Structures are given as structure tokens and as C-alpha cells.
$ cat protein11.cif   # mmCIF, C-alpha atoms and all ligand atoms
data_model
loop_
_atom_site.label_atom_id
_atom_site.label_comp_id
_atom_site.auth_asym_id
_atom_site.auth_seq_id
_atom_site.Cartn_x
_atom_site.Cartn_y
_atom_site.Cartn_z
CA MET A 683 -13.35 154.89 56.13
CA ARG A 684 -12.56 151.59 57.81
CA LEU A 685 -15.85 149.88 58.42
CA ILE A 686 -17.25 146.51 59.37
CA LEU A 687 -20.76 145.57 58.25
CA LEU A 688 -21.94 143.14 60.89
CA GLY A 689 -25.23 141.28 60.89
CA PRO A 690 -26.98 138.07 59.90
CA PRO A 691 -26.91 136.79 56.33
CA GLY A 692 -29.61 138.50 54.27
CA ALA A 693 -29.74 141.66 56.40
CA GLY A 694 -28.62 143.70 53.38
CA LYS A 695 -24.88 144.00 54.08
CA GLY A 696 -23.85 143.17 50.51
CA THR A 697 -26.21 145.68 48.90
CA LEU A 698 -25.17 148.32 51.38
CA ALA A 699 -21.50 147.56 50.74
CA GLU A 700 -22.03 148.12 47.00
CA ALA A 701 -23.49 151.58 47.69
CA LEU A 702 -20.71 152.45 50.13
CA VAL A 703 -18.01 151.34 47.70
CA GLU A 704 -19.41 153.67 45.06
CA LYS A 705 -19.74 156.56 47.48
CA LEU A 706 -16.43 156.17 49.30
CA GLN A 707 -14.25 154.61 46.60
CA VAL A 708 -12.80 152.03 48.96
CA PRO A 709 -12.87 148.26 48.35
CA GLN A 710 -15.45 145.86 49.73
CA ILE A 711 -13.83 142.89 51.39
CA SER A 712 -16.34 140.05 51.43
CA THR A 713 -14.89 136.72 52.52
CA GLY A 714 -18.08 135.09 51.20
CA ASP A 715 -17.33 136.44 47.69
CA ILE A 716 -13.66 135.46 47.96
CA LEU A 717 -14.60 131.94 49.04
CA ARG A 718 -17.25 131.53 46.31
CA ASP A 719 -14.64 132.58 43.75
CA ALA A 720 -12.18 130.03 45.20
CA VAL A 721 -14.86 127.32 45.00
CA LYS A 722 -15.61 128.26 41.39
CA ARG A 723 -11.93 128.07 40.48
CA GLY A 724 -11.46 124.80 42.38
CA THR A 725 -8.48 126.04 44.41
CA PRO A 726 -7.37 124.12 47.54
CA ILE A 727 -9.01 126.77 49.76
CA GLY A 728 -12.18 126.52 47.69
CA LEU A 729 -12.29 122.75 48.01
CA GLN A 730 -11.78 122.99 51.76
CA ALA A 731 -14.37 125.74 52.21
CA LYS A 732 -17.13 124.24 50.07
CA THR A 733 -18.11 121.54 52.58
CA PHE A 734 -18.60 124.12 55.32
CA MET A 735 -20.43 126.58 53.07
CA ASP A 736 -22.83 123.95 51.74
CA ALA A 737 -23.57 122.87 55.31
CA GLY A 738 -24.30 126.46 56.40
CA GLU A 739 -21.36 126.35 58.81
CA LEU A 740 -18.54 128.80 59.25
CA VAL A 741 -15.27 128.12 57.45
CA PRO A 742 -12.43 127.58 59.98
CA ASP A 743 -10.82 130.72 61.37
CA ASP A 744 -7.29 129.91 60.14
CA VAL A 745 -8.52 129.80 56.54
CA ILE A 746 -10.36 133.13 56.89
CA ILE A 747 -7.48 134.83 58.69
CA GLY A 748 -5.10 133.68 55.93
CA ILE A 749 -7.42 135.09 53.24
CA LEU A 750 -7.77 138.39 55.08
CA LYS A 751 -4.03 138.76 55.58
CA GLU A 752 -3.42 138.33 51.88
CA ARG A 753 -6.28 140.64 50.87
CA LEU A 754 -5.24 143.46 53.20
CA GLU A 755 -1.75 143.51 51.70
CA ARG A 756 -3.12 144.75 48.40
CA ASP A 757 -2.57 148.41 47.51
CA ASP A 758 -6.25 149.28 47.25
CA CYS A 759 -6.63 148.94 51.04
CA GLN A 760 -4.45 151.97 51.80
CA SER A 761 -7.28 154.49 52.12
CA GLY A 762 -9.84 152.23 53.75
CA TYR A 763 -12.08 149.20 53.26
CA ILE A 764 -15.51 147.85 53.98
CA PHE A 765 -15.56 144.45 55.61
CA ASP A 766 -18.71 142.63 54.57
CA GLY A 767 -19.44 139.41 56.46
CA VAL A 768 -16.09 139.37 58.20
CA PRO A 769 -15.05 139.08 61.01
CA ARG A 770 -17.61 136.45 62.00
CA THR A 771 -16.00 135.10 65.17
CA ILE A 772 -14.19 136.56 68.16
CA ALA A 773 -11.01 134.80 66.97
CA GLN A 774 -11.21 136.59 63.61
CA ALA A 775 -11.83 139.96 65.31
CA LYS A 776 -8.88 139.37 67.65
CA ALA A 777 -6.66 138.43 64.70
CA LEU A 778 -7.50 141.78 63.06
CA ASP A 779 -6.82 143.66 66.31
CA ASP A 780 -3.53 141.79 66.80
CA LYS A 781 -2.47 142.63 63.27
CA GLY A 782 -3.12 146.32 64.00
CA VAL A 783 -5.95 146.57 61.47
CA VAL A 784 -7.78 149.80 62.25
CA ILE A 785 -11.57 149.70 62.41
CA GLU A 786 -13.39 152.98 63.00
CA THR A 787 -17.00 151.86 62.93
CA VAL A 788 -18.96 148.64 63.16
CA LEU A 789 -22.38 149.03 61.58
CA LEU A 790 -24.76 146.39 62.89
CA VAL A 791 -27.48 145.65 60.32
CA ASP A 792 -30.05 143.44 61.98
CA ALA A 793 -33.36 141.88 60.97
CA PRO A 794 -35.60 139.13 62.40
CA ASP A 795 -34.89 135.54 61.35
CA GLU A 796 -38.23 135.01 59.59
CA LEU A 797 -37.73 138.05 57.35
CA ILE A 798 -34.24 136.83 56.52
CA ILE A 799 -35.51 133.41 55.53
CA ARG A 800 -38.05 135.01 53.15
CA ARG A 801 -35.42 137.29 51.69
CA LEU A 802 -32.72 134.69 51.14
CA ASN A 803 -35.11 132.10 49.79
CA GLY A 804 -36.07 134.52 46.99
CA ARG A 805 -32.56 135.80 46.35
CA ARG A 806 -31.07 135.37 42.89
CA SER A 807 -27.49 136.38 42.09
CA CYS A 808 -25.52 137.06 38.97
CA PRO A 809 -22.55 134.66 38.96
CA GLU A 810 -20.68 137.01 36.61
CA CYS A 811 -20.96 140.53 38.06
CA GLY A 812 -22.37 139.75 41.51
CA ILE A 813 -25.52 141.89 41.32
CA VAL A 814 -28.21 140.54 43.65
CA TYR A 815 -31.94 140.36 42.75
CA HIS A 816 -35.06 139.09 44.50
CA THR A 817 -38.00 137.20 43.03
CA ALA A 818 -40.48 139.50 44.80
CA THR A 819 -38.76 142.77 45.64
CA LYS A 820 -36.01 143.33 43.04
CA ARG A 821 -36.84 141.61 39.79
CA PRO A 822 -34.56 141.93 36.76
CA GLN A 823 -36.11 143.47 33.65
CA LYS A 824 -36.02 140.12 31.88
CA SER A 825 -36.90 137.18 34.11
CA GLY A 826 -33.83 135.20 35.22
CA ILE A 827 -31.34 137.43 33.35
CA CYS A 828 -28.93 139.99 34.81
CA ASP A 829 -29.80 143.56 33.76
CA ALA A 830 -26.14 144.60 33.69
CA CYS A 831 -24.33 141.74 31.94
CA PHE A 832 -27.18 139.50 30.61
CA THR A 833 -25.85 136.41 32.40
CA THR A 834 -28.38 133.81 33.61
CA LEU A 835 -29.08 134.37 37.31
CA ILE A 836 -28.48 131.61 39.82
CA THR A 837 -29.76 130.67 43.27
CA ARG A 838 -26.82 130.32 45.63
CA ASP A 839 -26.33 126.73 46.84
CA ASP A 840 -26.73 127.89 50.44
CA ASP A 841 -29.92 129.95 49.87
CA ASN A 842 -32.34 127.10 50.66
CA VAL A 843 -34.46 127.12 53.82
CA GLU A 844 -32.64 124.30 55.59
CA THR A 845 -29.19 125.82 55.05
CA ILE A 846 -30.44 129.35 55.79
CA ARG A 847 -31.64 128.14 59.22
CA LYS A 848 -28.19 126.64 59.89
CA ARG A 849 -26.48 129.86 58.81
CA LEU A 850 -28.71 131.83 61.19
CA LYS A 851 -27.86 129.42 63.98
CA ALA A 852 -24.15 129.94 63.30
CA TYR A 853 -24.73 133.70 63.26
CA HIS A 854 -26.46 133.76 66.65
CA ALA A 855 -23.95 131.41 68.29
CA GLN A 856 -20.65 132.57 66.79
CA THR A 857 -21.05 136.03 65.27
CA GLU A 858 -23.53 137.86 67.51
CA PRO A 859 -21.02 137.92 70.41
CA LEU A 860 -19.02 140.37 68.29
CA VAL A 861 -21.60 143.05 69.10
CA ASP A 862 -20.47 143.05 72.74
CA TYR A 863 -16.83 142.76 71.66
CA TYR A 864 -17.03 145.94 69.57
CA GLU A 865 -19.43 147.69 72.00
CA ALA A 866 -16.61 147.40 74.55
CA GLN A 867 -14.47 149.34 72.05
CA GLY A 868 -17.27 151.94 71.59
CA LYS A 869 -17.49 151.31 67.84
CA VAL A 870 -21.01 149.98 67.21
CA LYS A 871 -23.72 151.89 65.31
CA TYR A 872 -27.12 150.40 64.53
CA LEU A 873 -29.03 150.20 61.25
CA ASP A 874 -32.52 148.72 60.91
CA GLY A 875 -32.11 145.80 58.48
CA THR A 876 -35.85 145.57 57.82
CA LEU A 877 -35.81 148.78 55.74
CA ARG A 878 -36.18 148.67 51.96
CA ILE A 879 -32.94 149.01 49.97
CA ALA A 880 -33.14 152.74 49.11
CA GLU A 881 -34.18 153.71 52.66
CA SER A 882 -31.51 151.53 54.18
CA ILE A 883 -28.77 153.14 52.07
CA GLU A 884 -30.02 156.63 52.91
CA GLU A 885 -30.18 155.79 56.61
CA ALA A 886 -26.69 154.22 56.56
CA PHE A 887 -25.20 157.32 54.92
CA LYS A 888 -26.86 159.45 57.62
CA ILE A 889 -25.57 157.25 60.45
CA LEU A 890 -22.07 157.28 58.99
CA GLY A 891 -22.18 161.04 58.35
CA ILE A 892 -21.48 160.74 54.62
CA GLU A 893 -24.66 162.28 53.16
P1 LIG A 901 -21.70 135.11 52.97
O1 LIG A 901 -21.66 135.31 51.49
O2 LIG A 901 -21.01 136.19 53.72
O3 LIG A 901 -23.11 134.86 53.47
O4 LIG A 901 -20.88 133.77 53.27
C1 LIG A 901 -21.25 132.53 52.72
C2 LIG A 901 -20.59 131.41 53.50
O5 LIG A 901 -19.17 131.54 53.40
C3 LIG A 901 -20.88 131.38 54.99
O6 LIG A 901 -22.09 130.71 55.30
C4 LIG A 901 -19.66 130.65 55.53
O7 LIG A 901 -19.75 129.26 55.27
C5 LIG A 901 -18.54 131.21 54.63
N1 LIG A 901 -17.94 132.43 55.21
C6 LIG A 901 -17.92 133.66 54.65
N2 LIG A 901 -17.25 134.53 55.40
C7 LIG A 901 -16.84 133.84 56.50
C8 LIG A 901 -16.12 134.20 57.67
N3 LIG A 901 -15.67 135.44 57.88
N4 LIG A 901 -15.89 133.22 58.60
C9 LIG A 901 -16.31 131.96 58.39
N5 LIG A 901 -17.01 131.56 57.32
C10 LIG A 901 -17.28 132.49 56.36
#
$ encode --input "protein11.cif" --output "C-alpha cells" --more "lines below"
Ligand code: AMP
Amino acid sequence: MRLILLGPPGAGKGTLAEALVEKLQVPQISTGDILRDAVKRGTPIGLQAKTFMDAGELVPDDVIIGILKERLERDDCQSGYIFDGVPRTIAQAKALDDKGVVIETVLLVDAPDELIIRRLNGRRSCPECGIVYHTATKRPQKSGICDACFTTLITRDDDNVETIRKRLKAYHAQTEPLVDYYEAQGKVKYLDGTLRIAESIEEAFKILGIE
């Protein structure tokens, strides 16, 4: 399975990717996760990316294409991968095409901006194992603590209303054109991003024919 999860931030791509990884045993490639790790470790890429991420802007294409190239060379990509939050621009999509990276399906997970703002504003993440919670819809058993590894949950720096609005603006201007790009290749399937987590996973499995 070689799949792209396309859609605005907060549409549920990350949660869906986790379920697909478990089901299909292929890696999730999230440039957001890779960049956050680079920021945490203070690498040159992390330092460069942080300014853009904090501003809710996209990190420059050459940085992302470099990260992708390196990631795709790893052995675990042989039998497939799930791209989560990448590509985000036409230039990134073209770079993948030019490199001969095979994509079978692009699953567009979409939801209205106002729902996304509510979701992201209440999102809490585990900085250790990456599990994502929500203050209203997916609370951990003990408030503020990860159920799996007991680490204190954090609010991502870019999950505040002002930055969320900028990220949505970047999505509509720079990423949404990818729908037409992949429609022209006949690869797009649609998933309703307003569904609750369990329904959304069930629906995605149906759409992808992996029930
Ligand atoms: P995400 O976790 O996917 O929401 O990404 C968080 C932030 O990382 C984004 O707002 C961008 O600043 C940056 N980022 C992640 N992936 C990409 C990408 N493919 N292209 C450009 N910027 C990215």
C-alpha cells in the first residue's frame, strides 16, 4: 500500500495513519513528526524549520524534499508507506513523481475550518510516544498524563487559534491544489473528516478495501 493522506491539519490524518500502520504494517511518513523531532534535537534542519512551524507557514520545499529522499531510502519503505501531511505543495508532489515514487491512492480527509479550529485548540499530544488526545473528545484516564507511557501531555506550539488560522490559510493556498493534481492522475478517494475516530477508521478501511 502506497498511500498519501491529504487534508487540512486536524482532519484526523495522524490518527488514521496510526490505525493504517497497525493494519498494514507499513511505516507512516509524517514530515511534521520528523521536523518536530529535529526541532527537539536542535539539528540544523530543526533550527531552520522552527521559525516556519511557529509561524504556521510551510517549511521550504528543498528542506522537505531532502528529508523525504533520506527517509525513503530506509529499508522499511520496501513494501509500502503512508505519507501523512506530505506532499503539501505541487513542487513536493512533482519531486516525488520525478523520483519515481509510486503512489497508488490519495485519500483526501476534509473537514470545515471551524471544526478544525475547535479540534486543534483542544488537542494534547504525548511528546514521548506521540499519542494524541483531546480535552473534550479523547481524554486520557488521568488528566494531563499519557495513558500509554505516563508522560505529561503537551499542547503543540502551533495549536493556538492564531497559528491554526495561518496553517489553514497555507493549506487552502498551497496544499489544496494537490487535489486537482492527483485527480488528473485518477488517484483521489474521499473520506469525511468530520466523522468520529472509530467511524472514520472503519470508513477509511472500507474505502481502501482493507476491511
Ligand atoms: P503537521 O504536523 O503535519 O501539521 O506539520 C506541522 C508543521 O510542520 C506545518 O505547519 C509546517 O510548518 C511543517 N510541515 C510539515 N510537513 C510539511 C511539508 N510537507 N511541507 C512543508 N511544511 C511542512
$ atom_distance --input "protein11.cif" --atom1 "atom CA of Leu702 of chain A" --atom2 "atom CA of Ile827 of chain A"
24.9 Å
$ closest_residue --input "protein11.cif" --among "A:Arg801, A:Cys831, A:Asp840, A:Gly868" --to "Ala818 of chain A" --atoms "all atoms listed in the file"
A:Arg801
$ closest_atom_pairs --input "protein11.cif" --of "chain A" --to "ligand LIG 901 (chain A)" --cutoff "6 Å" --atoms "all atoms listed in the file" --output "tab-separated table"
residue	atom	partner	partner_atom	distance
A:Pro691	CA	A:LIG901	O3	5.1
A:Thr713	CA	A:LIG901	N2	4.3
A:Gly714	CA	A:LIG901	O1	3.6
A:Asp715	CA	A:LIG901	O1	5.9
A:Phe734	CA	A:LIG901	O7	5.3
A:Met735	CA	A:LIG901	O7	3.5
A:Gly738	CA	A:LIG901	O6	4.9
A:Glu739	CA	A:LIG901	O7	4.9
A:Leu740	CA	A:LIG901	N5	3.7
A:Val741	CA	A:LIG901	N5	3.9
A:Ile746	CA	A:LIG901	N4	5.8
A:Gly767	CA	A:LIG901	O2	4.5
A:Val768	CA	A:LIG901	N3	4.0
A:Pro769	CA	A:LIG901	N3	4.8
A:Arg770	CA	A:LIG901	N3	4.7
A:Arg849	CA	A:LIG901	O6	5.7
$ closest_residue --input "protein11.cif" --among "A:Ala777, A:Ile836, A:Val783, A:Ala855" --to "Leu754 of chain A" --atoms "all atoms listed in the file"
A:Val783
$ residues_near_point --input "protein11.cif" --point "(-21.4, 144.6, 43.6)" --cutoff "8 Å" --atoms "all atoms listed in the file" --output "short mmCIF file (atom, residue, chain, number, x, y, z; two decimals) with C-alpha atoms, in the coordinates of the input"
data_model
loop_
_atom_site.label_atom_id
_atom_site.label_comp_id
_atom_site.auth_asym_id
_atom_site.auth_seq_id
_atom_site.Cartn_x
_atom_site.Cartn_y
_atom_site.Cartn_z
CA GLY A 696 -23.85 143.17 50.51
CA THR A 697 -26.21 145.68 48.90
CA ALA A 699 -21.50 147.56 50.74
CA GLU A 700 -22.03 148.12 47.00
CA CYS A 811 -20.96 140.53 38.06
CA GLY A 812 -22.37 139.75 41.51
CA ILE A 813 -25.52 141.89 41.32
CA VAL A 814 -28.21 140.54 43.65
#
$ atom_distance --input "protein11.cif" --atom1 "atom CA of Cys759 of chain A" --atom2 "atom CA of Val708 of chain A"
7.2 Å
$ atom_distance --input "protein11.cif" --atom1 "atom CA of Glu796 of chain A" --atom2 "atom CA of Thr819 of chain A"
16.0 Å
$ residues_near_point --input "protein11.cif" --point "(-26.9, 140.6, 62.3)" --cutoff "9 Å" --atoms "all atoms listed in the file" --output "ChimeraX atom specification"
/A:687-693,790-794,853-854,857-858,861,875
$ closest_residue --input "protein11.cif" --among "A:Ala720, A:Ile711, A:Leu860, A:Ile772" --to "Leu750 of chain A" --atoms "only C-alpha atoms"
A:Ile711
